[in-house]
Amino acid sequence: EQLKLGVSLPLSGPASLAGTSIREGIEFAVKQANQKGGVFDQDVKVFIEDDEGNPTKGVTAVRKLIEQDHVVGISGTYVSAVAAAESKVAKEYKVPMISAGSTSSAVTDANTAGDPWFFRAFPGSRAQAKQTASDTLKKLNAKTVAVLYENSIYGKSLADEFKSNYEGIGGKVVAMEAYNPGDKDFYSSLTNVRAQSPSAVYIAGLMDSGAQIIKQAGELGVQTQIVGSGSMMSDKLIELAGPASEGFAVSSMFEPSTPNKHGAEFAKEFRAAYKKEPDVYSAIGFDSMGLLIEAARRAGKPDGAAMQKQLLNMPDFPLSQGPDRTTAKFDDKGSVEFKVGLAIVKNGKREWLPFD
Amino acid sequence: MLECKSIDAGYGKVQILYGLDFTVPKGGLSAILGGNGTGKSTALKTLAGLVKPTRGEILLDGKRIDGKGAHAMAAAGLCLVPQGKEVLGGLSVHENITVGAYHRRKDKPGIAEDVEMVYAEFPRLKARYKAPAGLLSGGERQMLSLGRALMARPSMLLLDEPSAALAPKVVGEISDIIRKLRARGLTMLLVEQNVSMALELADEVHILREGRFAYSRKNGPDLKVEELREFYLGKGQS
Amino acid sequence: MRAIFLILVAAATLAIVSTVFGGGYAINIAIVVCIYVILASSLDIVMGWTGLFSFAHAAFLGIGAYTAAILGRDFGTTFWLNLPLGMIVAGLFGFLLGLPLLRAQGHFLAIMTIAFQTIVYLVLSQWTDFTGGQYGIEVEPVAGFTTLSSYFYLVLVIAVICLIAIRFLTQSRLGDALQAIRDDETLARTIGMNTKAVKLVALAISSAFAGGAGVLLAYHIRGVTPDDYTVLASASIVAMVVLGGRGRFWGPVLGAVLLTALPEMLSILTDYKHIFYGGVLILVTMFAPQGLAGKFSRWRAR
Amino acid sequence: MILFQQFLANGVVVGSSYVLVALGLTLIFGILKIVNFAHGEFYMLGGYVAVVGTQVLGIGPLPSIVLVIVVMVMLGWFIERAIFVPIAKKDPTNVIIASFGLSILLQNIVLKIAGPEPMLARSGLPRGAIQIGNIFLTSERLAIVALAAVTVTALLVVLKYTWIGLSLRAMSENATVARICGINVRRVGVVTFAIGAALAGLAGALMATVFTVQPNAGSLIVMKAFVIVVLAGMGSIEGAIIAGLALGIVESLVTGYLGNGLRDIVGFIFVMGVLTIRPQGLFGIQTDRS
Amino acid sequence: MTGEQKNIAPIIRAEALTKNFQGMVALNAFDFSVNEGEIVGLIGPNGSGKSTVVNLLTGVLAPTSGRVLIDGKDFTGAAPHVVARHGVVRTFQMIRLFPSLTVERNIVLALQEQSGPGYMSSFLNRRNAMAWHEKAACKARDMLALFEMEKHAHKLATDLSIGQQRMVELARGLATNPRIFILDEPAAGLSPINVDRLIEMIRRMRDEFGVTILLVEHVMRVVQAVCDRVVVLDYGQKVADGKPDVVVQDPKVIEAYIGLGRSSHA
Ligand SMILES: Nc1ncnc2c1ncn2[C@@H]1O[C@H](COP(=O)(O)OP(=O)(O)OP(=O)(O)O)[C@@H](O)[C@H]1O
Ligand SMILES: Nc1ncnc2c1ncn2[C@@H]1O[C@H](COP(=O)(O)OP(=O)(O)OP(=O)(O)O)[C@@H](O)[C@H]1O
Ligand SMILES: [Mg+2]
Ligand SMILES: [Mg+2]
């Protein structure tokens, strides 16, 4: 019997920036598996749906994948709000879903403990924000922070959790300011930030707005440490923000130069196959799809419920993200915890600080 | 000189005009009379290029002008004063008048002169020169349409019921203006419901009935209104 | 009467095609189709019949959906209460929007509806305490209609009722009045019509139907999130009405079916579906200027 | 006070960018009365052509501007002739839907070709901040203000004092009367549309040097441009300047004092308020008797 | 009923009615009334404010100052539909018809506002509403027949010539059995034979249907043929009021309006 898996990703609309990158990682994982002979002696077949970053479209896409294409597992999706809507359908049909980039902890929190149908192979927003908060205070020595966050589930959950963690360990958040997805002009917000002269600015949002904030902060003479959330781990950001990105710190789960051996190998092969550097998105996609394929193989049959059981029991499966020897040890809510790293831009290149 | 050779025209599939044949000699003035809905305006619109003839030829001073589009007709010196007091509502009265001179826009002094001439003919317009034309009264609009046409210094003028909506005194003044224009050698085609005015002015009278000329003849002392009445009023046209 | 018969035939066909020949995915699409049919037909009341170009219909959809979600969350009310309440609240907002709209004309009016739509969207996405912000609010399925196909029948029946009501409305004196307003409002007033009241009523009714559709949508996707209620969504409802044919009963219905089903059919082309979708919109407007319904009736007339 | 100065300066810059984007729309929407949803995509394409000019072809900023104008005029010409005119002949309101389709089409074609990543056009202007008193700006931002001022003046002069402007306004009022006055309505229409497209492209090119360009770059800003054109009173250039600057400043002050999240809400509430009191826009005049 | 004015009370009355347009005084302290059963002419040079009077009386415009009384009740600033429901019906100088409706529907719609079934009942009782529509359509065609327009009943209003549209407008007004019918230049653009028909219709309306008429007109032949009384406006001011043949001899009126030695319209 052929293994059929589904993918739901935003391939058009504003979120497609990440979606296309994730898709490459996913396709790479499938290609690799099929080169090694596939599963159940057949090639793995993948059905890709564009959810446009819209919940209704996402629900339809997932129904289509399950009902029409008969997939038994789904990798998706990137936008947290869409993932939340889709996960309900997946649960109803007993088809496991593995996040392809959606960070908000709320989605895994909604799982029934011990019986999760939505998995995330990397730490959720809560853990990420906690790590960033402690890194900002301890590693970067910033006692006061202004938070700029995108008004989306992703940005807001990170910002809220950052604030409570950061203040919990003795830091002070001097400002919390939301911006709308896609905003490009931050002069007025940054003018306020400058007036409060915090020792750091934390940005919880996507790469394009992040690059603008960094660049414009430079132009306005805001001289503070800037820290960004995981989506800003991108070479493009450095290119767009220009010299202002020097010293920018970003929380990062994957770098091409990762000390994680499994990740380094993925990076090498990906580079050879696509002639470009992988980024955190391709790594997420790669892990997400890799897990589904492995779960099916272990289950011995293409069956969603069996795969879900296997997923809960894969502490030996290596992930390309995180520090060395990170594995897919899902907790009873379907989330994986590992230490999130911090990278700093030096001479136009990100350098990963050692994990503590 | 304007020559029309067996013109057919209409709107979409509906044919309105059937084989209109006539000429207006240079400097002449012909009148088209007829009941409501017989096709008078359609005839003028066809000549002005707003309605495409489906058959026939239109020649102005020997050159074919049909099928070229209304703006080309205007450039060729043919100018229509449409029925229905159409104005450029959002533009001021002054701009409405000026735009009439569009196809001779290089002639700045001439235009300035003509604007004054129009204001002299229609003092009511001068009083309202700044107002948006859309706010004018019916009669004021009619004056504006005429003023705009005068600005074009046309060689051929098509007038569609110029006296409608005007006060009796102004109707008289319009007659005077038409006479003045004739004296300058302008060729004119006049559609009127004011029969006495038409008969005062025209050299030749055509009566249109259901899209065809029912009667055409030279005007003169021997032309009797009773005779006209028979063709024109005929059997109660609507 | 023939129209009502046709509505029933169409509904039965949809039911058979989606449940017998298709699976859950087809039923899913059929539900969305029904919801959009209500939306497009109700928008046509103000757009086709009255000539008010409204880009705020998705806002009313959202108001209905959020009313149901919030009532359910805070008061535990059920679908059967939320549906009428959602309609009433949306209708009320339609009425309120109507007040400043009364004097505006044409493009000005369209821009005001866009402004309203944007405000509603921003409120839904930013008033986190009340609307749940980007997280939205979860909605429990309708008791007794928890399976997809049973919910589909529920939606189908409601859609049929809405369509018949809209048919009756536009055939009644209100339809005449709306057409008169579209053609010449001043004239309508001088022949004795209270055009302001008629416009307000039309807007309120149209918004109420949209609100009802919103309630159905909320229960369908089992939750509300602001991104379903954007100006883009409004624009696509407008597109449905225009493509199908304005001011004709079957126009918006056809438009809604086509534009909801088309992207699904195009999804085989994954990467190119939007390009095709855009192209189809252009081509259809070029070749069926009176909308598809206009094309059909002309074709039948031959 | 220092904050206020900076907010005001930010508002003027953002407002100028709105004015710049709204100008092309004033021609196409305000005067020709074509509701062109794809105007935002003209803006976006202008940005990409500038990227192609400065980054791919490396021909420098000025030749790139020429390239933008040439490409956009050609595109505008083609679209007006091939799509909008045939549709408008049958029913002008259908153009709304066709342009909606065109917008989706163009956005996704660009997405296919250029990918979703934002791109930056090089202005060639010196980088870094310029400090004027307590105000920080960059040369690129100042260039937006300057270019807005220049284009606005040019357009004002053309529309107010030349025959082109008069013929344009005449045809938008009543095409039949314009035709019998000798105005070639079709030609004026297509030329105006092409110029409008070029203005949008120009704005997009300039903004791509500051804010980068993406396939969906035009969506939001063009919505605001529509708002400005209407707020101004259809076709009023003076109105567009004031409405554009006012919107920019209001947004900047709101962002500064009330927070970024409220920025767009306030703008739109402002619009509803103004139009409720003056249904013909700030500078529109009542031209219909009843 | 003609001469013996059995009811002297004015059906419509203007008191010191004034209208300014952006500083221009279009109508200045105009006092005026029309009695039941009268045919009153309102004439004056172009732009003297006649249509403005009509617009003020019918609620299309609100006066700057002064009052409008209908049957002695104050209707100043009332909405047009309120005025219309009191039987004040008008035509427009710049013809107004519903362009995308057929000629017949144009008239049926006007009838509906006056005597059709209510909104609710037309929604609930469709059979009844349809029967009413049948009858209204018959009446509309009868009205069109009066102007020999019945063959155009199913054309769209925009597809008619200007003169034909004018007659549809007259038929529409008549169909609704107005108490007072205000005609703004009904003869403009009508052929002489239709002008004759108009004259006859105006007389019949008053004599047979008891409609009071206010007639704004430049075609003096019509004014002289039908009016009991003529009011003359100049620059927004009343300059004469009296019997037609007296008024047209008034030197002031000749000077301002008729002009010297001109023949009036055929
Ligand atoms: N809404 C308006 N705004 C501004 N001015 C107006 C408006 N309506 C009318 N006017 C002006 O008021 C004056 C009187 O107009 P009105 O239409 O009453 O004249 P009239 O006597 O009916 O003239 P005509 O015989 O030409 O129809 C005119 O100069 C006109 O331009
Ligand atoms: N746009 C149109 N579409 C279709 N038919 C039209 C159109 N305009 C006029 N007609 C029809 O064409 C015929 C002639 O109209 P036209 O306007 O030429 O008449 P006319 O002689 O000028 O009448 P009038 O004296 O009333 O102005 C009429 O029967 C009319 O119904
Ligand atoms: Mg005519
Ligand atoms: Mg008048």
# chains A, B, ... in the order shown; residues from 1 in each chain; ligands from 1
call {"tool": "select_by_dssp", "arguments": {"residues": "segment 57-88 of chain D", "states": "alpha helix (DSSP H)", "output": "list of chain:residue names"}}
result
D:Pro61, D:Leu62, D:Pro63, D:Ser64, D:Ile65, D:Val66, D:Leu67, D:Val68, D:Ile69, D:Val70, D:Val71, D:Met72, D:Val73, D:Met74, D:Leu75, D:Gly76, D:Trp77, D:Phe78, D:Ile79, D:Val85, D:Pro86, D:Ile87, D:Ala88
call {"tool": "residues_around", "arguments": {"residues": "Pro126 of chain D", "least_positions_apart": "3", "cutoff": "12 Å", "atoms": "only C-alpha atoms", "output": "VMD selection string"}}
result
chain D and resid 122 to 123 129 to 130 137 to 143 209
call {"tool": "write_last_selection", "arguments": {"atoms": "N, CA, C and O atoms", "output": "PDB file, in the first residue's frame"}}
result
ATOM      1  N   ARG D 122      18.084  50.139  -5.331  1.00  0.00           N
ATOM      2  CA  ARG D 122      19.143  51.053  -4.873  1.00  0.00           C
ATOM      3  C   ARG D 122      18.872  52.443  -5.404  1.00  0.00           C
ATOM      4  O   ARG D 122      18.727  52.647  -6.599  1.00  0.00           O
ATOM      5  N   SER D 123      18.843  53.410  -4.502  1.00  0.00           N
ATOM      6  CA  SER D 123      18.563  54.770  -4.950  1.00  0.00           C
ATOM      7  C   SER D 123      19.842  55.470  -5.364  1.00  0.00           C
ATOM      8  O   SER D 123      19.813  56.471  -6.062  1.00  0.00           O
ATOM      9  N   ALA D 129      21.517  58.432   8.262  1.00  0.00           N
ATOM     10  CA  ALA D 129      20.552  59.428   8.681  1.00  0.00           C
ATOM     11  C   ALA D 129      21.057  60.839   8.449  1.00  0.00           C
ATOM     12  O   ALA D 129      22.250  61.102   8.403  1.00  0.00           O
ATOM     13  N   ILE D 130      20.103  61.729   8.257  1.00  0.00           N
ATOM     14  CA  ILE D 130      20.410  63.154   8.206  1.00  0.00           C
ATOM     15  C   ILE D 130      19.700  63.755   9.405  1.00  0.00           C
ATOM     16  O   ILE D 130      18.514  63.507   9.604  1.00  0.00           O
ATOM     17  N   LEU D 137      16.093  62.024   9.537  1.00  0.00           N
ATOM     18  CA  LEU D 137      15.490  61.527   8.289  1.00  0.00           C
ATOM     19  C   LEU D 137      16.607  60.947   7.436  1.00  0.00           C
ATOM     20  O   LEU D 137      17.772  61.080   7.776  1.00  0.00           O
ATOM     21  N   THR D 138      16.215  60.310   6.330  1.00  0.00           N
ATOM     22  CA  THR D 138      17.253  59.863   5.403  1.00  0.00           C
ATOM     23  C   THR D 138      17.050  60.584   4.082  1.00  0.00           C
ATOM     24  O   THR D 138      15.979  61.117   3.812  1.00  0.00           O
ATOM     25  N   SER D 139      18.102  60.551   3.273  1.00  0.00           N
ATOM     26  CA  SER D 139      17.995  61.267   1.996  1.00  0.00           C
ATOM     27  C   SER D 139      16.905  60.637   1.139  1.00  0.00           C
ATOM     28  O   SER D 139      16.212  61.319   0.387  1.00  0.00           O
ATOM     29  N   GLU D 140      16.715  59.317   1.282  1.00  0.00           N
ATOM     30  CA  GLU D 140      15.678  58.678   0.482  1.00  0.00           C
ATOM     31  C   GLU D 140      14.290  59.169   0.893  1.00  0.00           C
ATOM     32  O   GLU D 140      13.412  59.369   0.059  1.00  0.00           O
ATOM     33  N   ARG D 141      14.103  59.358   2.182  1.00  0.00           N
ATOM     34  CA  ARG D 141      12.805  59.844   2.649  1.00  0.00           C
ATOM     35  C   ARG D 141      12.576  61.271   2.185  1.00  0.00           C
ATOM     36  O   ARG D 141      11.466  61.642   1.801  1.00  0.00           O
ATOM     37  N   LEU D 142      13.646  62.063   2.232  1.00  0.00           N
ATOM     38  CA  LEU D 142      13.499  63.437   1.738  1.00  0.00           C
ATOM     39  C   LEU D 142      13.175  63.421   0.252  1.00  0.00           C
ATOM     40  O   LEU D 142      12.407  64.245  -0.244  1.00  0.00           O
ATOM     41  N   ALA D 143      13.767  62.451  -0.448  1.00  0.00           N
ATOM     42  CA  ALA D 143      13.504  62.369  -1.888  1.00  0.00           C
ATOM     43  C   ALA D 143      12.023  62.109  -2.148  1.00  0.00           C
ATOM     44  O   ALA D 143      11.452  62.616  -3.125  1.00  0.00           O
ATOM     45  N   THR D 209      12.947  51.852  -2.806  1.00  0.00           N
ATOM     46  CA  THR D 209      14.278  52.150  -2.280  1.00  0.00           C
ATOM     47  C   THR D 209      14.237  52.298  -0.761  1.00  0.00           C
ATOM     48  O   THR D 209      15.244  52.160  -0.105  1.00  0.00           O
TER      49      THR D 209
END
call {"tool": "interface_residues", "arguments": {"of": "chain E", "to": "chain C", "cutoff": "8 Å", "atoms": "only C-alpha atoms", "output": "compact mmCIF listing (two decimals) with C-alpha atoms, in the first residue's frame"}}
result
# COMPACT_ATOMS: atom_id res chain seq x y z
CA THR E 58 -42.08 70.12 -3.97
CA VAL E 60 -36.60 68.97 -3.66
CA ALA E 79 -39.06 65.74 2.19
CA PRO E 80 -40.22 65.41 -1.43
CA HIS E 81 -42.01 62.14 -0.79
CA VAL E 82 -44.04 63.70 1.99
CA VAL E 83 -45.10 66.50 -0.30
CA ALA E 84 -45.84 64.05 -3.09
CA ARG E 85 -48.10 62.04 -0.83
CA VAL E 89 -47.04 65.99 -8.37
CA ARG E 90 -44.54 67.48 -10.77
CA ARG E 96 -36.42 62.56 -15.40
CA LEU E 97 -37.47 59.01 -16.04
CA PHE E 98 -36.16 55.76 -14.64
CA PRO E 99 -33.84 55.01 -17.54
CA SER E 100 -33.48 51.28 -17.17
CA LEU E 109 -44.11 52.66 -10.27
CA ALA E 110 -45.59 56.10 -9.80
CA GLU E 113 -46.42 54.90 -4.60
CA GLN E 114 -49.82 56.46 -4.70
CA PRO E 117 -50.34 47.59 -1.92
CA GLY E 118 -48.02 48.22 1.04
CA TYR E 119 -44.54 46.79 1.29
CA SER E 122 -46.89 42.90 -1.42
CA PHE E 123 -44.35 40.59 0.19
CA ARG E 126 -48.18 38.00 -3.86
CA ALA E 129 -49.95 42.26 -5.59
call {"tool": "residues_near_ligand", "arguments": {"ligand": "ligand 3", "cutoff": "6 Å", "atoms": "only C-alpha atoms and all ligand atoms", "output": "list in words"}}
result
Lys40 and Ser41 of chain B; Ser161 and Ile162 of chain E
call {"tool": "write_last_selection", "arguments": {"atoms": "N, CA and C atoms", "output": "PDB file, in the first residue's frame"}}
result
ATOM      1  N   LYS B  40     -35.275  63.266 -36.206  1.00  0.00           N
ATOM      2  CA  LYS B  40     -34.533  64.497 -36.486  1.00  0.00           C
ATOM      3  C   LYS B  40     -33.200  64.522 -35.758  1.00  0.00           C
ATOM      4  N   SER B  41     -33.263  64.255 -34.461  1.00  0.00           N
ATOM      5  CA  SER B  41     -32.013  64.275 -33.694  1.00  0.00           C
ATOM      6  C   SER B  41     -31.078  63.188 -34.164  1.00  0.00           C
TER       7      SER B  41
ATOM      8  N   SER E 161     -37.012  59.451 -27.953  1.00  0.00           N
ATOM      9  CA  SER E 161     -36.549  60.796 -28.278  1.00  0.00           C
ATOM     10  C   SER E 161     -36.971  61.728 -27.141  1.00  0.00           C
ATOM     11  N   ILE E 162     -36.367  62.906 -27.148  1.00  0.00           N
ATOM     12  CA  ILE E 162     -36.628  63.851 -26.049  1.00  0.00           C
ATOM     13  C   ILE E 162     -38.123  64.171 -25.950  1.00  0.00           C
TER      14      ILE E 162
END
call {"tool": "residues_near_ligand", "arguments": {"ligand": "ligand 4", "cutoff": "6 Å", "atoms": "only C-alpha atoms and all ligand atoms", "output": "PyMOL selection string"}}
result
(chain B and resi 137-138) or (chain E and resi 50-51)
call {"tool": "residues_near_ligand", "arguments": {"ligand": "ligand 2", "cutoff": "9 Å", "atoms": "only C-alpha atoms and all ligand atoms", "output": "ChimeraX atom specification"}}
result
/B:10-17,33-45,83-84,160-161,191-193,208-211,238 /E:152,155-166,189-191
call {"tool": "residues_near_ligand", "arguments": {"ligand": "ligand 1", "cutoff": "6 Å", "atoms": "only C-alpha atoms and all ligand atoms", "output": "PyMOL selection string"}}
result
(chain B and resi 135-140) or (chain D and resi 289) or (chain E and resi 21+26+45-52)
call {"tool": "write_last_selection", "arguments": {"atoms": "N, CA, C and O atoms", "output": "PDB file, in the first residue's frame"}}
result
ATOM      1  N   LEU B 135     -25.219  73.354 -12.477  1.00  0.00           N
ATOM      2  CA  LEU B 135     -26.199  74.032 -11.631  1.00  0.00           C
ATOM      3  C   LEU B 135     -27.077  75.008 -12.407  1.00  0.00           C
ATOM      4  O   LEU B 135     -27.988  75.613 -11.850  1.00  0.00           O
ATOM      5  N   LEU B 136     -26.790  75.171 -13.690  1.00  0.00           N
ATOM      6  CA  LEU B 136     -27.527  76.185 -14.451  1.00  0.00           C
ATOM      7  C   LEU B 136     -28.987  75.795 -14.671  1.00  0.00           C
ATOM      8  O   LEU B 136     -29.361  74.631 -14.623  1.00  0.00           O
ATOM      9  N   SER B 137     -29.794  76.811 -14.944  1.00  0.00           N
ATOM     10  CA  SER B 137     -31.189  76.555 -15.310  1.00  0.00           C
ATOM     11  C   SER B 137     -31.243  76.030 -16.738  1.00  0.00           C
ATOM     12  O   SER B 137     -30.260  76.096 -17.471  1.00  0.00           O
ATOM     13  N   GLY B 138     -32.397  75.481 -17.101  1.00  0.00           N
ATOM     14  CA  GLY B 138     -32.540  74.893 -18.425  1.00  0.00           C
ATOM     15  C   GLY B 138     -32.164  75.852 -19.541  1.00  0.00           C
ATOM     16  O   GLY B 138     -31.425  75.499 -20.461  1.00  0.00           O
ATOM     17  N   GLY B 139     -32.663  77.057 -19.450  1.00  0.00           N
ATOM     18  CA  GLY B 139     -32.381  78.029 -20.495  1.00  0.00           C
ATOM     19  C   GLY B 139     -30.924  78.420 -20.534  1.00  0.00           C
ATOM     20  O   GLY B 139     -30.324  78.555 -21.606  1.00  0.00           O
ATOM     21  N   GLU B 140     -30.350  78.573 -19.357  1.00  0.00           N
ATOM     22  CA  GLU B 140     -28.930  78.929 -19.294  1.00  0.00           C
ATOM     23  C   GLU B 140     -28.070  77.843 -19.941  1.00  0.00           C
ATOM     24  O   GLU B 140     -27.084  78.132 -20.624  1.00  0.00           O
TER      25      GLU B 140
ATOM     26  N   ARG D 289     -27.986  69.479  -9.665  1.00  0.00           N
ATOM     27  CA  ARG D 289     -28.945  70.366  -9.035  1.00  0.00           C
ATOM     28  C   ARG D 289     -29.774  69.693  -7.968  1.00  0.00           C
ATOM     29  O   ARG D 289     -30.238  70.334  -7.045  1.00  0.00           O
TER      30      ARG D 289
ATOM     31  N   PHE E  21     -28.259  80.599  -3.451  1.00  0.00           N
ATOM     32  CA  PHE E  21     -27.283  79.559  -3.809  1.00  0.00           C
ATOM     33  C   PHE E  21     -25.905  80.165  -3.700  1.00  0.00           C
ATOM     34  O   PHE E  21     -25.555  81.023  -4.509  1.00  0.00           O
ATOM     35  N   ALA E  26     -31.484  83.400  -5.810  1.00  0.00           N
ATOM     36  CA  ALA E  26     -32.232  82.884  -6.949  1.00  0.00           C
ATOM     37  C   ALA E  26     -33.713  83.236  -6.807  1.00  0.00           C
ATOM     38  O   ALA E  26     -34.434  83.369  -7.801  1.00  0.00           O
ATOM     39  N   PRO E  45     -37.892  85.394 -17.463  1.00  0.00           N
ATOM     40  CA  PRO E  45     -36.675  85.144 -18.249  1.00  0.00           C
ATOM     41  C   PRO E  45     -35.929  83.912 -17.751  1.00  0.00           C
ATOM     42  O   PRO E  45     -36.173  83.419 -16.659  1.00  0.00           O
ATOM     43  N   ASN E  46     -34.993  83.451 -18.575  1.00  0.00           N
ATOM     44  CA  ASN E  46     -34.209  82.287 -18.178  1.00  0.00           C
ATOM     45  C   ASN E  46     -33.382  82.614 -16.944  1.00  0.00           C
ATOM     46  O   ASN E  46     -32.786  83.675 -16.833  1.00  0.00           O
ATOM     47  N   GLY E  47     -33.390  81.699 -16.026  1.00  0.00           N
ATOM     48  CA  GLY E  47     -32.610  81.898 -14.812  1.00  0.00           C
ATOM     49  C   GLY E  47     -33.268  82.840 -13.824  1.00  0.00           C
ATOM     50  O   GLY E  47     -32.624  83.293 -12.879  1.00  0.00           O
ATOM     51  N   SER E  48     -34.569  83.106 -14.006  1.00  0.00           N
ATOM     52  CA  SER E  48     -35.214  84.048 -13.099  1.00  0.00           C
ATOM     53  C   SER E  48     -35.705  83.345 -11.839  1.00  0.00           C
ATOM     54  O   SER E  48     -36.142  84.005 -10.900  1.00  0.00           O
ATOM     55  N   GLY E  49     -35.651  82.032 -11.799  1.00  0.00           N
ATOM     56  CA  GLY E  49     -35.989  81.333 -10.556  1.00  0.00           C
ATOM     57  C   GLY E  49     -37.254  80.497 -10.614  1.00  0.00           C
ATOM     58  O   GLY E  49     -37.734  80.037  -9.582  1.00  0.00           O
ATOM     59  N   LYS E  50     -37.787  80.257 -11.792  1.00  0.00           N
ATOM     60  CA  LYS E  50     -39.048  79.509 -11.892  1.00  0.00           C
ATOM     61  C   LYS E  50     -38.891  78.064 -11.427  1.00  0.00           C
ATOM     62  O   LYS E  50     -39.663  77.582 -10.595  1.00  0.00           O
ATOM     63  N   SER E  51     -37.871  77.413 -11.958  1.00  0.00           N
ATOM     64  CA  SER E  51     -37.684  76.021 -11.548  1.00  0.00           C
ATOM     65  C   SER E  51     -37.332  75.948 -10.076  1.00  0.00           C
ATOM     66  O   SER E  51     -37.664  74.968  -9.391  1.00  0.00           O
ATOM     67  N   THR E  52     -36.666  76.970  -9.599  1.00  0.00           N
ATOM     68  CA  THR E  52     -36.362  77.005  -8.163  1.00  0.00           C
ATOM     69  C   THR E  52     -37.655  77.028  -7.347  1.00  0.00           C
ATOM     70  O   THR E  52     -37.760  76.329  -6.333  1.00  0.00           O
TER      71      THR E  52
END
call {"tool": "interface_residues", "arguments": {"of": "chain A", "to": "chain D", "cutoff": "6 Å", "atoms": "only C-alpha atoms", "output": "short mmCIF file (atom, residue, chain, number, x, y, z; two decimals) with all heavy atoms, in the first residue's frame"}}
result
data_model
loop_
_atom_site.label_atom_id
_atom_site.label_comp_id
_atom_site.auth_asym_id
_atom_site.auth_seq_id
_atom_site.Cartn_x
_atom_site.Cartn_y
_atom_site.Cartn_z
N LEU A 17 6.22 33.70 1.94
CA LEU A 17 7.67 33.85 2.08
C LEU A 17 8.24 32.66 2.82
O LEU A 17 9.20 32.03 2.38
CB LEU A 17 7.93 35.15 2.86
CG LEU A 17 9.36 35.57 3.11
CD1 LEU A 17 10.14 35.53 1.82
CD2 LEU A 17 9.38 36.96 3.70
N ALA A 178 2.13 46.86 19.39
CA ALA A 178 1.75 45.96 18.31
C ALA A 178 1.86 46.68 16.97
O ALA A 178 1.71 47.88 16.89
CB ALA A 178 0.32 45.48 18.51
N TYR A 179 2.14 45.94 15.93
CA TYR A 179 2.01 46.50 14.58
C TYR A 179 1.29 45.49 13.71
O TYR A 179 1.25 44.30 14.02
CB TYR A 179 3.38 46.87 14.00
CG TYR A 179 4.33 45.71 13.83
CD1 TYR A 179 4.29 44.91 12.69
CD2 TYR A 179 5.28 45.41 14.79
CE1 TYR A 179 5.15 43.85 12.52
CE2 TYR A 179 6.15 44.35 14.64
CZ TYR A 179 6.09 43.57 13.51
OH TYR A 179 6.95 42.51 13.35
N SER A 188 7.53 56.27 13.68
CA SER A 188 6.88 56.85 14.85
C SER A 188 7.01 55.94 16.06
O SER A 188 7.31 56.40 17.16
CB SER A 188 5.41 57.15 14.55
OG SER A 188 5.34 58.22 13.64
N SER A 189 6.83 54.65 15.87
CA SER A 189 7.01 53.73 16.99
C SER A 189 8.43 53.82 17.53
O SER A 189 8.66 53.85 18.74
CB SER A 189 6.76 52.29 16.55
OG SER A 189 5.47 52.15 16.08
N GLU A 219 18.56 54.31 11.30
CA GLU A 219 18.42 55.65 10.72
C GLU A 219 18.02 56.68 11.77
O GLU A 219 18.40 57.84 11.70
CB GLU A 219 17.37 55.62 9.60
CG GLU A 219 17.83 54.86 8.37
CD GLU A 219 16.68 54.52 7.41
OE1 GLU A 219 15.53 54.93 7.68
OE2 GLU A 219 16.95 53.86 6.41
N LEU A 220 17.21 56.22 12.73
CA LEU A 220 16.73 57.16 13.74
C LEU A 220 17.70 57.30 14.90
O LEU A 220 17.43 58.03 15.85
CB LEU A 220 15.38 56.68 14.29
CG LEU A 220 14.16 57.04 13.46
CD1 LEU A 220 12.95 56.33 13.99
CD2 LEU A 220 13.93 58.54 13.49
#
call {"tool": "residues_around", "arguments": {"residues": "Cys138 of chain E", "least_positions_apart": "6", "cutoff": "12 Å", "atoms": "only C-alpha atoms", "output": "ChimeraX atom specification"}}
result
/E:104-105,107-108,111,131-132,144-145,150,153,175
